[in-house]
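Beneath this line is the structure, given in structure tokens, with notes to follow.
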Amino acid sequence: MKEQIEPYKDFVRPYYSTRDIAHNFDHIERIIRRIDILADGVSQPPQRERLNFLACFHGLGARLRDDESFRQQTIAFLKNVGWTDTEIPELFQSLERHLESPETVEEDIVHDANKIEILGAFGVAKAFTMGAILGQSYEETIDYFEHKSLGRIVFRTPVGKQLAEEGRAYALEFLKRLGREL
């Protein structure tokens with residue numbers, strides 16, 4: 001049962017209901033849709049059950065770390081779908097790593113599936129959505145997006161690297177034009 005994504009989605013969906021528009025369950029659905037595309041050409045075949053876990057719990061790492069009740073509910077859920085007492089701590093470690101320092105092919109794939117949203121037209125729209133939520137001016141959002149987001153992303157999968165070139169170029173060109181218009 002741990003190879004099927006629906007139980008994971010059903011479990012996590014309510015926990016994303018209070019998240020901002022850029023990090024709600026729609027964000028998780030977009031990550032899930034990108035998994036198979038980004039898995040193409042990776043060094044070894046990814047384990048579907050690990051991808052399911054990482055994609056669905058992608059935005060819940062801090063909650064797992066800080067909320068003991070949620071952690072216990074998650075452990076019970078994971079045992080119910082077939083994970084063992086030995087595997088569950090490994091999953092939690094993998095979740096902690098995947099955002100900044102992925103070590104496995106599954107972590108690489110979900111890392112790139114998340115980071116691809118920073119690029120292209122969607123990335124620009126998301127940056128300004130978040131800038132508005134944070135109360136930033138257009139100029140502050142452009143500066144943050146250009147120097148702290150676009151410049152620091154390192155893609156880890158072959159397809160992610162390929163998509164990143166086009167998406168980064170589009171976003172930078174858009175920001176230059178917007179800067180001129182401002």
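Just remember, in the structure tokens the first chain shown is A, the second B, etc., residues are 1-based per chain, and ligands are 1-based in the order shown.
All residues of protein, DNA or RNA that reach within 12 Å of Glu90 (chain A), judged by only C-alpha atoms and not counting those fewer than 6 positions away in the chain, are Arg50, Phe53, Leu54, Ile75, Trp83, Thr84, Glu96, Arg97, Glu103 and Thr104 of chain A.
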task: Could you give me, as an MDAnalysis selection string, the residues within 12 Å of Ile118 (chain A), counting only C-alpha atoms and dropping anything in the same chain fewer than 2 positions from it?
output: chainID A and resid 22 27 111:116 120:130 144:146 148:155 160 163:164 167:172
Surrounding residues of region 61-67 of chain A excluding itself and chain neighbours under 3 positions, 7 Å, only C-alpha atoms, as JSON, numbers by chain: {"A": [57, 58, 70, 71, 95, 96]}
Taking only region 20-133 of chain A into account, list the residues labelled helix (DSSP H, G or I) by DSSP (computed from the backbone), as a JSON list (two decimals) with N, CA and C atoms, in the first residue's frame.
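The resulting file, out.json, is shown below:
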```json
[["chain", "number", "residue", "atom", "x", "y", "z"],
["A", 25, "PHE", "N", -2.03, 22.84, -0.71],
["A", 25, "PHE", "CA", -2.03, 21.50, -1.29],
["A", 25, "PHE", "C", -1.88, 21.52, -2.81],
["A", 26, "ASP", "N", -2.28, 22.60, -3.47],
["A", 26, "ASP", "CA", -2.06, 22.71, -4.91],
["A", 26, "ASP", "C", -0.57, 22.63, -5.24],
["A", 27, "HIS", "N", 0.26, 23.22, -4.37],
["A", 27, "HIS", "CA", 1.71, 23.15, -4.54],
["A", 27, "HIS", "C", 2.18, 21.68, -4.49],
["A", 28, "ILE", "N", 1.63, 20.92, -3.57],
["A", 28, "ILE", "CA", 1.98, 19.50, -3.45],
["A", 28, "ILE", "C", 1.54, 18.74, -4.70],
["A", 29, "GLU", "N", 0.35, 19.04, -5.19],
["A", 29, "GLU", "CA", -0.13, 18.39, -6.42],
["A", 29, "GLU", "C", 0.80, 18.70, -7.60],
["A", 30, "ARG", "N", 1.31, 19.93, -7.70],
["A", 30, "ARG", "CA", 2.24, 20.27, -8.78],
["A", 30, "ARG", "C", 3.54, 19.48, -8.63],
["A", 31, "ILE", "N", 4.02, 19.34, -7.41],
["A", 31, "ILE", "CA", 5.24, 18.55, -7.18],
["A", 31, "ILE", "C", 5.01, 17.11, -7.62],
["A", 32, "ILE", "N", 3.88, 16.55, -7.23],
["A", 32, "ILE", "CA", 3.56, 15.16, -7.60],
["A", 32, "ILE", "C", 3.53, 15.00, -9.12],
["A", 33, "ARG", "N", 2.94, 15.96, -9.82],
["A", 33, "ARG", "CA", 2.86, 15.87, -11.29],
["A", 33, "ARG", "C", 4.23, 15.92, -11.95],
["A", 34, "ARG", "N", 5.21, 16.51, -11.31],
["A", 34, "ARG", "CA", 6.55, 16.65, -11.91],
["A", 34, "ARG", "C", 7.47, 15.45, -11.64],
["A", 35, "ILE", "N", 7.12, 14.60, -10.70],
["A", 35, "ILE", "CA", 8.01, 13.52, -10.28],
["A", 35, "ILE", "C", 8.46, 12.63, -11.43],
["A", 36, "ASP", "N", 7.53, 12.14, -12.23],
["A", 36, "ASP", "CA", 7.91, 11.21, -13.30],
["A", 36, "ASP", "C", 8.76, 11.90, -14.37],
["A", 37, "ILE", "N", 8.46, 13.15, -14.65],
["A", 37, "ILE", "CA", 9.26, 13.90, -15.63],
["A", 37, "ILE", "C", 10.69, 14.04, -15.14],
["A", 38, "LEU", "N", 10.85, 14.41, -13.87],
["A", 38, "LEU", "CA", 12.19, 14.63, -13.32],
["A", 38, "LEU", "C", 12.94, 13.33, -13.04],
["A", 39, "ALA", "N", 12.23, 12.23, -12.94],
["A", 39, "ALA", "CA", 12.89, 10.93, -12.70],
["A", 39, "ALA", "C", 13.58, 10.40, -13.96],
["A", 48, "ARG", "N", 9.33, 4.39, -5.63],
["A", 48, "ARG", "CA", 8.07, 5.11, -5.72],
["A", 48, "ARG", "C", 7.52, 5.47, -4.34],
["A", 49, "GLU", "N", 7.62, 4.56, -3.38],
["A", 49, "GLU", "CA", 7.06, 4.83, -2.05],
["A", 49, "GLU", "C", 7.79, 5.98, -1.35],
["A", 50, "ARG", "N", 9.09, 6.10, -1.57],
["A", 50, "ARG", "CA", 9.84, 7.22, -0.98],
["A", 50, "ARG", "C", 9.48, 8.54, -1.68],
["A", 51, "LEU", "N", 9.29, 8.48, -2.99],
["A", 51, "LEU", "CA", 8.84, 9.67, -3.71],
["A", 51, "LEU", "C", 7.47, 10.13, -3.20],
["A", 52, "ASN", "N", 6.58, 9.18, -3.00],
["A", 52, "ASN", "CA", 5.24, 9.51, -2.50],
["A", 52, "ASN", "C", 5.32, 10.22, -1.15],
["A", 53, "PHE", "N", 6.10, 9.66, -0.26],
["A", 53, "PHE", "CA", 6.25, 10.27, 1.06],
["A", 53, "PHE", "C", 6.84, 11.67, 0.96],
["A", 54, "LEU", "N", 7.97, 11.80, 0.27],
["A", 54, "LEU", "CA", 8.65, 13.09, 0.19],
["A", 54, "LEU", "C", 7.79, 14.15, -0.49],
["A", 55, "ALA", "N", 7.12, 13.79, -1.56],
["A", 55, "ALA", "CA", 6.29, 14.76, -2.27],
["A", 55, "ALA", "C", 5.14, 15.23, -1.39],
["A", 56, "CYS", "N", 4.46, 14.32, -0.75],
["A", 56, "CYS", "CA", 3.29, 14.69, 0.03],
["A", 56, "CYS", "C", 3.64, 15.40, 1.34],
["A", 57, "PHE", "N", 4.72, 15.01, 1.96],
["A", 57, "PHE", "CA", 5.12, 15.61, 3.24],
["A", 57, "PHE", "C", 6.11, 16.76, 3.04],
["A", 61, "GLY", "N", 7.81, 19.20, 7.09],
["A", 61, "GLY", "CA", 8.98, 18.81, 7.88],
["A", 61, "GLY", "C", 9.08, 19.52, 9.22],
["A", 62, "ALA", "N", 8.88, 20.82, 9.22],
["A", 62, "ALA", "CA", 8.96, 21.57, 10.49],
["A", 62, "ALA", "C", 7.88, 21.12, 11.45],
["A", 63, "ARG", "N", 6.70, 20.86, 10.92],
["A", 63, "ARG", "CA", 5.61, 20.41, 11.79],
["A", 63, "ARG", "C", 5.93, 19.03, 12.39],
["A", 64, "LEU", "N", 6.51, 18.16, 11.58],
["A", 64, "LEU", "CA", 6.91, 16.84, 12.10],
["A", 64, "LEU", "C", 7.94, 16.97, 13.20],
["A", 65, "ARG", "N", 8.82, 17.91, 13.04],
["A", 65, "ARG", "CA", 9.89, 18.13, 14.01],
["A", 65, "ARG", "C", 9.37, 18.78, 15.30],
["A", 66, "ASP", "N", 8.42, 19.70, 15.17],
["A", 66, "ASP", "CA", 8.01, 20.54, 16.30],
["A", 66, "ASP", "C", 6.70, 20.14, 16.98],
["A", 68, "GLU", "N", 4.66, 17.17, 18.40],
["A", 68, "GLU", "CA", 4.74, 15.75, 18.79],
["A", 68, "GLU", "C", 3.46, 15.00, 18.45],
["A", 69, "SER", "N", 2.32, 15.63, 18.61],
["A", 69, "SER", "CA", 1.05, 14.98, 18.29],
["A", 69, "SER", "C", 0.99, 14.64, 16.80],
["A", 70, "PHE", "N", 1.35, 15.60, 15.96],
["A", 70, "PHE", "CA", 1.37, 15.35, 14.52],
["A", 70, "PHE", "C", 2.40, 14.27, 14.17],
["A", 71, "ARG", "N", 3.53, 14.30, 14.82],
["A", 71, "ARG", "CA", 4.57, 13.29, 14.58],
["A", 71, "ARG", "C", 4.03, 11.89, 14.89],
["A", 72, "GLN", "N", 3.34, 11.75, 16.00],
["A", 72, "GLN", "CA", 2.80, 10.44, 16.39],
["A", 72, "GLN", "C", 1.69, 9.99, 15.43],
["A", 73, "GLN", "N", 0.85, 10.92, 15.00],
["A", 73, "GLN", "CA", -0.19, 10.60, 14.02],
["A", 73, "GLN", "C", 0.45, 10.14, 12.70],
["A", 74, "THR", "N", 1.52, 10.81, 12.31],
["A", 74, "THR", "CA", 2.21, 10.47, 11.08],
["A", 74, "THR", "C", 2.86, 9.10, 11.19],
["A", 75, "ILE", "N", 3.49, 8.81, 12.31],
["A", 75, "ILE", "CA", 4.10, 7.49, 12.52],
["A", 75, "ILE", "C", 3.05, 6.40, 12.43],
["A", 76, "ALA", "N", 1.90, 6.61, 13.05],
["A", 76, "ALA", "CA", 0.80, 5.63, 12.99],
["A", 76, "ALA", "C", 0.33, 5.44, 11.55],
["A", 77, "PHE", "N", 0.18, 6.54, 10.83],
["A", 77, "PHE", "CA", -0.23, 6.47, 9.43],
["A", 77, "PHE", "C", 0.79, 5.67, 8.61],
["A", 78, "LEU", "N", 2.07, 6.00, 8.78],
["A", 78, "LEU", "CA", 3.11, 5.33, 8.00],
["A", 78, "LEU", "C", 3.17, 3.83, 8.30],
["A", 79, "LYS", "N", 3.02, 3.47, 9.54],
["A", 79, "LYS", "CA", 2.97, 2.04, 9.89],
["A", 79, "LYS", "C", 1.78, 1.37, 9.23],
["A", 80, "ASN", "N", 0.66, 2.07, 9.20],
["A", 80, "ASN", "CA", -0.56, 1.54, 8.61],
["A", 80, "ASN", "C", -0.42, 1.27, 7.11],
["A", 81, "VAL", "N", 0.38, 2.09, 6.41],
["A", 81, "VAL", "CA", 0.57, 1.87, 4.97],
["A", 81, "VAL", "C", 1.74, 0.94, 4.67],
["A", 87, "GLU", "N", 12.38, 1.99, 9.12],
["A", 87, "GLU", "CA", 12.31, 2.85, 7.94],
["A", 87, "GLU", "C", 11.80, 4.26, 8.25],
["A", 88, "ILE", "N", 10.91, 4.39, 9.21],
["A", 88, "ILE", "CA", 10.27, 5.69, 9.48],
["A", 88, "ILE", "C", 11.28, 6.77, 9.87],
["A", 89, "PRO", "N", 12.22, 6.52, 10.78],
["A", 89, "PRO", "CA", 13.22, 7.57, 11.08],
["A", 89, "PRO", "C", 14.04, 7.95, 9.84],
["A", 90, "GLU", "N", 14.31, 6.98, 8.98],
["A", 90, "GLU", "CA", 15.03, 7.27, 7.73],
["A", 90, "GLU", "C", 14.22, 8.20, 6.84],
["A", 91, "LEU", "N", 12.91, 7.98, 6.78],
["A", 91, "LEU", "CA", 12.03, 8.86, 6.00],
["A", 91, "LEU", "C", 12.09, 10.29, 6.53],
["A", 92, "PHE", "N", 12.02, 10.42, 7.85],
["A", 92, "PHE", "CA", 12.04, 11.75, 8.47],
["A", 92, "PHE", "C", 13.37, 12.46, 8.20],
["A", 93, "GLN", "N", 14.47, 11.72, 8.22],
["A", 93, "GLN", "CA", 15.78, 12.31, 7.90],
["A", 93, "GLN", "C", 15.82, 12.74, 6.44],
["A", 94, "SER", "N", 15.27, 11.93, 5.58],
["A", 94, "SER", "CA", 15.22, 12.24, 4.16],
["A", 94, "SER", "C", 14.40, 13.51, 3.92],
["A", 95, "LEU", "N", 13.31, 13.64, 4.62],
["A", 95, "LEU", "CA", 12.47, 14.84, 4.51],
["A", 95, "LEU", "C", 13.24, 16.08, 4.93],
["A", 96, "GLU", "N", 14.01, 15.97, 6.00],
["A", 96, "GLU", "CA", 14.80, 17.11, 6.47],
["A", 96, "GLU", "C", 15.87, 17.52, 5.46],
["A", 97, "ARG", "N", 16.46, 16.55, 4.76],
["A", 97, "ARG", "CA", 17.55, 16.82, 3.83],
["A", 97, "ARG", "C", 17.10, 17.34, 2.46],
["A", 105, "VAL", "N", 18.47, 9.73, -4.71],
["A", 105, "VAL", "CA", 17.84, 10.07, -5.98],
["A", 105, "VAL", "C", 16.41, 10.58, -5.74],
["A", 106, "GLU", "N", 15.71, 10.00, -4.77],
["A", 106, "GLU", "CA", 14.35, 10.45, -4.47],
["A", 106, "GLU", "C", 14.35, 11.88, -3.93],
["A", 107, "GLU", "N", 15.31, 12.18, -3.07],
["A", 107, "GLU", "CA", 15.43, 13.53, -2.53],
["A", 107, "GLU", "C", 15.77, 14.52, -3.65],
["A", 108, "ASP", "N", 16.65, 14.12, -4.57],
["A", 108, "ASP", "CA", 16.99, 14.97, -5.71],
["A", 108, "ASP", "C", 15.75, 15.30, -6.54],
["A", 109, "ILE", "N", 14.95, 14.29, -6.81],
["A", 109, "ILE", "CA", 13.76, 14.48, -7.65],
["A", 109, "ILE", "C", 12.76, 15.43, -7.00],
["A", 110, "VAL", "N", 12.46, 15.23, -5.73],
["A", 110, "VAL", "CA", 11.48, 16.08, -5.05],
["A", 110, "VAL", "C", 12.06, 17.48, -4.84],
["A", 111, "HIS", "N", 13.35, 17.57, -4.58],
["A", 111, "HIS", "CA", 14.03, 18.87, -4.49],
["A", 111, "HIS", "C", 13.78, 19.66, -5.77],
["A", 112, "ASP", "N", 14.07, 19.05, -6.92],
["A", 112, "ASP", "CA", 13.91, 19.74, -8.19],
["A", 112, "ASP", "C", 12.45, 20.02, -8.50],
["A", 113, "ALA", "N", 11.55, 19.09, -8.16],
["A", 113, "ALA", "CA", 10.12, 19.31, -8.39],
["A", 113, "ALA", "C", 9.62, 20.52, -7.63],
["A", 114, "ASN", "N", 10.18, 20.78, -6.47],
["A", 114, "ASN", "CA", 9.83, 21.96, -5.69],
["A", 114, "ASN", "C", 10.50, 23.21, -6.28],
["A", 115, "LYS", "N", 11.77, 23.14, -6.53],
["A", 115, "LYS", "CA", 12.54, 24.32, -6.96],
["A", 115, "LYS", "C", 12.16, 24.80, -8.36],
["A", 116, "ILE", "N", 11.63, 23.93, -9.19],
["A", 116, "ILE", "CA", 11.26, 24.34, -10.54],
["A", 116, "ILE", "C", 10.20, 25.44, -10.50],
["A", 117, "GLU", "N", 9.46, 25.52, -9.40],
["A", 117, "GLU", "CA", 8.44, 26.56, -9.27],
["A", 117, "GLU", "C", 9.03, 27.95, -9.09],
["A", 118, "ILE", "N", 10.30, 28.05, -8.86],
["A", 118, "ILE", "CA", 10.93, 29.36, -8.69],
["A", 118, "ILE", "C", 11.26, 29.97, -10.06],
["A", 120, "GLY", "N", 10.76, 30.50, -14.46],
["A", 120, "GLY", "CA", 9.76, 30.72, -15.49],
["A", 120, "GLY", "C", 8.66, 31.67, -15.06],
["A", 121, "ALA", "N", 7.60, 31.68, -15.85],
["A", 121, "ALA", "CA", 6.47, 32.56, -15.59],
["A", 121, "ALA", "C", 5.84, 32.26, -14.23],
["A", 122, "PHE", "N", 5.72, 30.98, -13.92],
["A", 122, "PHE", "CA", 5.13, 30.61, -12.63],
["A", 122, "PHE", "C", 5.99, 31.12, -11.48],
["A", 123, "GLY", "N", 7.29, 31.00, -11.62],
["A", 123, "GLY", "CA", 8.20, 31.47, -10.57],
["A", 123, "GLY", "C", 8.08, 32.96, -10.32],
["A", 124, "VAL", "N", 7.95, 33.72, -11.40],
["A", 124, "VAL", "CA", 7.79, 35.16, -11.25],
["A", 124, "VAL", "C", 6.47, 35.46, -10.55],
["A", 125, "ALA", "N", 5.40, 34.80, -10.98],
["A", 125, "ALA", "CA", 4.09, 35.02, -10.34],
["A", 125, "ALA", "C", 4.15, 34.65, -8.86],
["A", 126, "LYS", "N", 4.79, 33.53, -8.56],
["A", 126, "LYS", "CA", 4.88, 33.09, -7.17],
["A", 126, "LYS", "C", 5.71, 34.07, -6.34],
["A", 127, "ALA", "N", 6.77, 34.60, -6.91],
["A", 127, "ALA", "CA", 7.61, 35.56, -6.19],
["A", 127, "ALA", "C", 6.81, 36.79, -5.80],
["A", 128, "PHE", "N", 6.01, 37.29, -6.72],
["A", 128, "PHE", "CA", 5.24, 38.49, -6.42],
["A", 128, "PHE", "C", 4.05, 38.19, -5.50],
["A", 129, "THR", "N", 3.52, 36.99, -5.57],
["A", 129, "THR", "CA", 2.48, 36.58, -4.62],
["A", 129, "THR", "C", 3.07, 36.58, -3.21],
["A", 130, "MET", "N", 4.23, 35.95, -3.06],
["A", 130, "MET", "CA", 4.87, 35.90, -1.75],
["A", 130, "MET", "C", 5.33, 37.29, -1.30],
["A", 131, "GLY", "N", 5.82, 38.10, -2.23],
["A", 131, "GLY", "CA", 6.21, 39.46, -1.89],
["A", 131, "GLY", "C", 5.04, 40.25, -1.33],
["A", 132, "ALA", "N", 3.87, 40.07, -1.94],
["A", 132, "ALA", "CA", 2.67, 40.76, -1.43],
["A", 132, "ALA", "C", 2.29, 40.25, -0.04],
["A", 133, "ILE", "N", 2.37, 38.95, 0.15],
["A", 133, "ILE", "CA", 2.05, 38.37, 1.47],
["A", 133, "ILE", "C", 3.00, 38.94, 2.53]]
```
- request: Could you check how far CA of Asp40 (chain A) sits from CA of His98 (chain A), in Å to one decimal?
  value: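 These two atoms are separated by 18.3 Å.
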Counting only C-alpha atoms, the option among A:Glu140, A:Met1, A:Pro14, A:Ser43 closest to Leu175 (chain A):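 Of A:Glu140, A:Met1, A:Pro14, A:Ser43, the one nearest Leu175 (chain A) is A:Glu140, counting only C-alpha atoms.
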task: Would you mind reading off the distance between CA of Tyr16 (chain A) and CA of Gly59 (chain A), one decimal, in Å?
output: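 One can read the CA of Tyr16 (chain A) to CA of Gly59 (chain A) distance as 8.2 Å.
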- prompt: Nearest to Glu100 (chain A) among A:Arg19, A:Gly41, A:Arg156, A:Leu134, with distances taken over only C-alpha atoms: which residue is it?
  reply: A:Arg156
CA of Gly135 (chain A) to CA of Glu181 (chain A), distance in Å rounded to a single decimal: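 Separation of CA of Gly135 (chain A) and CA of Glu181 (chain A): 20.5 Å.
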